[in-house]
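Beneath this line is the structure, given in structure tokens, with notes to follow.
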Amino acid sequence: MMKLQDQVAIITGASSGIGLAVAKRFINEGAKLGLLVRTEKDAEMLNETFGDKVIVTIGDVRNYSDNEKLVESTVNKFGKLDCFIGNAGIWDYMSAVNTTDAKLLESGYRELFDINLLGYVLGAKASLAALKESKGSMIFTASSSSYSLGGGGPLYVASKHAVLGFIRALAWESAPDIRVNGVAAGGTLTPLSGPSSLGLEDANLETSDGIEEMIGAMTPLKFASKPEDHAGIFALLASREDGKYMTGAVILSDGGIGLGMRPDQK
Ligand SMILES: NC(=O)c1ccc[n+]([C@@H]2O[C@H](COP(=O)([O-])OP(=O)(O)OC[C@H]3O[C@@H](n4cnc5c(N)ncnc54)[C@H](O)[C@@H]3O)[C@@H](O)[C@H]2O)c1
């Protein structure tokens with residue numbers, strides 16, 4: 001029996017990286033999906049890959065109306081919503097407060113927080129009524145940067161610490177009807193980009209020079225993860241059987257990065 005048979009889930013940022021790996025896993029577990037992407041090209045790719053098991057909405061997580069459209073189109077097509085997965089995000093490429101011009105810092109902060117935090121807040125808000133009806137759940141992609149340092153600059157680390165607080169406070173507020181959990185990924189080889197206001201819209205984490213070795217070196221398990229390495233944790237949290245008693249939980253999938261290095265390791 002598949003874990004997510006006949007469950008309906010939404011995933012934001014579904015055209016690449018962790019979002020795409022979770023989409024594949026959920027489809028393999030029997031789910032139907034509403035997916036949010038930014039471009040027509042991404043929508044076509046997902047429609048070709050998943051066919052009638054998905055409905056794709058083009059939009060921006062920073063707009064409440066796009067989040068509403070996403071939820072409406074999903075519920076209209078599949079009749080209900082069981083799980084909302086907030087995942088779309090950007091990185092700050094270690095931009096430093098010390099060396100970034102103040103105006104750029106302000107616009108970079110606003111863009112990064114609007115996508116990484118406001119996007120989750122608006123997605124949660126738009127999906128609340130449908131999830132209350134189904135007694136469903138939400139899952140948000142957090143990060144090792146929700147707990148510890150080394151995986152981003154102050155802006156990114158602050159945004160992912162904020163995501164942790166948001167998950168916990170929303171879980172408390174939404175109980176007993178809706179479970180709210182998170183997955184804190186560590187260094188993952190994805191095309192994660194950065195704020196356009198910092199000139200980083202075309203940056204790509206997985207093709208950055210030496211990134212795989214750098215993540216491996218700073219991670220106790222000694223390798224950089226792939227998006228699919230995290231996907232089963234989302235399936236566990238979404239499962240009404242396996243995740244039944246879990247809310248406010250953020251599961252670390254970080255290769256032990258938050259543990260720091262042993263004295264015998266460099
Ligand atoms: N890659 C890592 O090392 C890592 C580690 C921990 C957490 N994360 C988190 O994982 C999540 C997914 O990132 P990823 O690494 O898979 O990278 P990714 O770039 O493959 O995925 C992010 C997705 O978000 C989408 N997106 C960006 N801005 C958007 C907006 N305004 N509206 C709608 N969609 C938007 C992008 O189009 C992209 O598909 C992010 O929240 C990221 O912070 C990544």
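Ordered as shown in the structure tokens, chains take letters A, B, and onward, while each chain numbers its residues from 1 and ligands are numbered from 1 in the order shown.
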Given 6 Å and only C-alpha atoms and all ligand atoms, residues near ligand 1 as a list in words: Gly13, Ala14, Ser15, Ser16, Gly17, Ile18, Gly19, Val37, Arg38, Asp60, Val61, Arg62, Asn87, Ala88, Gly89, Ile90, Ile115, Thr141, Ala142, Ser143, Ala185, Gly186, Gly187, Thr188, Leu189, Thr190, Pro191, Leu192 and Ser193 of chain A
Output file for the selection above: N, CA and C atoms, as a short mmCIF file (atom, residue, chain, number, x, y, z; two decimals), in the first residue's frame:
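Writing done, so here's part.cif:
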data_model
loop_
_atom_site.label_atom_id
_atom_site.label_comp_id
_atom_site.auth_asym_id
_atom_site.auth_seq_id
_atom_site.Cartn_x
_atom_site.Cartn_y
_atom_site.Cartn_z
N GLY A 13 7.61 25.96 -5.55
CA GLY A 13 9.00 25.78 -5.98
C GLY A 13 9.23 24.36 -6.47
N ALA A 14 8.29 23.87 -7.31
CA ALA A 14 8.25 22.44 -7.64
C ALA A 14 9.01 22.07 -8.90
N SER A 15 9.62 23.05 -9.58
CA SER A 15 10.20 22.72 -10.89
C SER A 15 11.65 22.28 -10.82
N SER A 16 12.25 22.33 -9.64
CA SER A 16 13.67 21.95 -9.54
C SER A 16 13.98 21.54 -8.10
N GLY A 17 15.19 21.01 -7.91
CA GLY A 17 15.73 20.76 -6.58
C GLY A 17 14.83 19.93 -5.67
N ILE A 18 14.73 20.34 -4.44
CA ILE A 18 14.00 19.57 -3.41
C ILE A 18 12.52 19.47 -3.77
N GLY A 19 11.92 20.57 -4.27
CA GLY A 19 10.49 20.55 -4.62
C GLY A 19 10.17 19.51 -5.68
N VAL A 37 4.85 27.12 -9.96
CA VAL A 37 6.14 27.41 -10.59
C VAL A 37 6.12 28.85 -11.11
N ARG A 38 7.28 29.32 -11.54
CA ARG A 38 7.37 30.73 -11.95
C ARG A 38 7.16 30.96 -13.43
N ASP A 60 3.84 33.70 -8.16
CA ASP A 60 4.92 34.15 -7.28
C ASP A 60 4.45 33.98 -5.84
N VAL A 61 5.22 33.28 -5.01
CA VAL A 61 4.77 33.02 -3.64
C VAL A 61 4.56 34.30 -2.83
N ARG A 62 5.12 35.42 -3.31
CA ARG A 62 4.96 36.68 -2.58
C ARG A 62 3.59 37.31 -2.77
N ASN A 87 7.95 25.49 0.00
CA ASN A 87 9.33 25.07 -0.27
C ASN A 87 10.12 26.11 -1.07
N ALA A 88 9.44 26.95 -1.86
CA ALA A 88 10.16 27.93 -2.70
C ALA A 88 11.05 28.80 -1.83
N GLY A 89 12.27 29.02 -2.28
CA GLY A 89 13.18 29.84 -1.49
C GLY A 89 14.39 30.26 -2.30
N ILE A 90 15.14 31.21 -1.76
CA ILE A 90 16.41 31.63 -2.38
C ILE A 90 17.47 31.71 -1.28
N ILE A 115 10.41 36.18 -0.03
CA ILE A 115 10.28 34.84 -0.63
C ILE A 115 10.35 33.76 0.45
N THR A 141 9.95 23.67 4.07
CA THR A 141 11.38 23.36 3.95
C THR A 141 12.16 24.38 4.77
N ALA A 142 12.71 23.87 5.88
CA ALA A 142 13.59 24.68 6.72
C ALA A 142 15.02 24.36 6.29
N SER A 143 15.98 24.50 7.18
CA SER A 143 17.38 24.35 6.78
C SER A 143 18.24 24.08 8.00
N ALA A 185 16.81 20.75 5.77
CA ALA A 185 17.82 20.16 4.89
C ALA A 185 19.18 20.78 5.15
N GLY A 186 20.21 19.99 4.97
CA GLY A 186 21.58 20.52 4.97
C GLY A 186 22.02 20.76 3.54
N GLY A 187 23.32 20.89 3.31
CA GLY A 187 23.84 21.23 1.98
C GLY A 187 23.36 20.27 0.91
N THR A 188 22.65 20.78 -0.09
CA THR A 188 22.01 19.95 -1.11
C THR A 188 22.35 20.49 -2.50
N LEU A 189 22.68 19.60 -3.41
CA LEU A 189 23.07 20.03 -4.76
C LEU A 189 21.83 20.34 -5.59
N THR A 190 21.48 21.61 -5.65
CA THR A 190 20.30 22.09 -6.38
C THR A 190 20.68 23.40 -7.07
N PRO A 191 19.84 23.86 -8.01
CA PRO A 191 20.14 25.15 -8.67
C PRO A 191 19.69 26.37 -7.87
N LEU A 192 19.62 26.26 -6.54
CA LEU A 192 19.20 27.37 -5.67
C LEU A 192 19.84 28.69 -6.10
N SER A 193 19.00 29.72 -6.29
CA SER A 193 19.51 31.03 -6.76
C SER A 193 19.47 32.05 -5.63
#
Residues within 7 Å of A:Gly182, only C-alpha atoms, excluding chain neighbours under 5 positions, as an MDAnalysis selection string: chainID A and resid 139:142 167 249:251
Test item: residues at most 9 Å from A:Gly30, only C-alpha atoms, excluding those fewer than 4 positions along its chain, as a VMD selection string: chain A and resid 2 to 7 25 to 26
Dump as a PDB file, in the first residue's frame, selection limited to C-alpha atoms:
ATOM      1  CA  MET A   2       1.390   3.349  -0.981  1.00  0.00           C
ATOM      2  CA  LYS A   3       1.754   5.887   1.851  1.00  0.00           C
ATOM      3  CA  LEU A   4      -0.031   8.776   0.112  1.00  0.00           C
ATOM      4  CA  GLN A   5      -2.657   6.961  -1.951  1.00  0.00           C
ATOM      5  CA  ASP A   6      -5.414   9.417  -2.963  1.00  0.00           C
ATOM      6  CA  GLN A   7      -3.872  12.226  -0.923  1.00  0.00           C
ATOM      7  CA  ARG A  25       8.221  10.863  -4.486  1.00  0.00           C
ATOM      8  CA  PHE A  26       4.640  11.909  -3.708  1.00  0.00           C
TER       9      PHE A  26
END
DSSP alpha helix (DSSP H) selection over stretch 95-226 of chain A, as an MDAnalysis selection string: chainID A and resid 102:113 119:134 154:174 211:218
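For stretch 30-180 of chain A, backbone-based DSSP assignment of strand (DSSP E or B) covers Lys32, Leu33, Gly34, Leu35, Leu36, Val37, Val54, Ile55, Val56, Thr57, Ile58, Cys83, Phe84, Ile85, Gly86, Ser137, Met138, Ile139, Phe140, Thr141, Ala142, Ser143, Arg179 and Val180 of chain A.
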Option closest in space to A:Leu118, from A:Asn181, A:Gln265, A:Ser208, A:Asn63 [counting only C-alpha atoms]: A:Asn63
Residue with smallest distance to A:Gly108 - pool A:Asp202, A:Asp209, A:Glu133, A:Asp92, counting only C-alpha atoms: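 Checking each candidate against A:Gly108, we get A:Asp92 as the closest.
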A:Asn204, A:Asn98, A:Asn28, A:Ser145 ranked by distance to A:Lys160, top pick (using only C-alpha atoms):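 So, comparing all the options, the nearest one is A:Ser145.
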Please, which residues in stretch 155-202 of chain A fall within 10 Å of stretch 73-83 of chain A when counting only C-alpha atoms, and what is the closest atom pair and distance in Å to one decimal for each, ordered by chain then residue number, as a tab-separated table?
residue	atom	partner	partner_atom	distance
A:Ile178	CA	A:Cys83	CA	9.3
A:Arg179	CA	A:Cys83	CA	9.3
A:Val180	CA	A:Cys83	CA	9.5
Point-to-point distance from atom CA of A:Ala43 to atom CA of A:Ile55, Å rounded to tenths: 9.1 Å
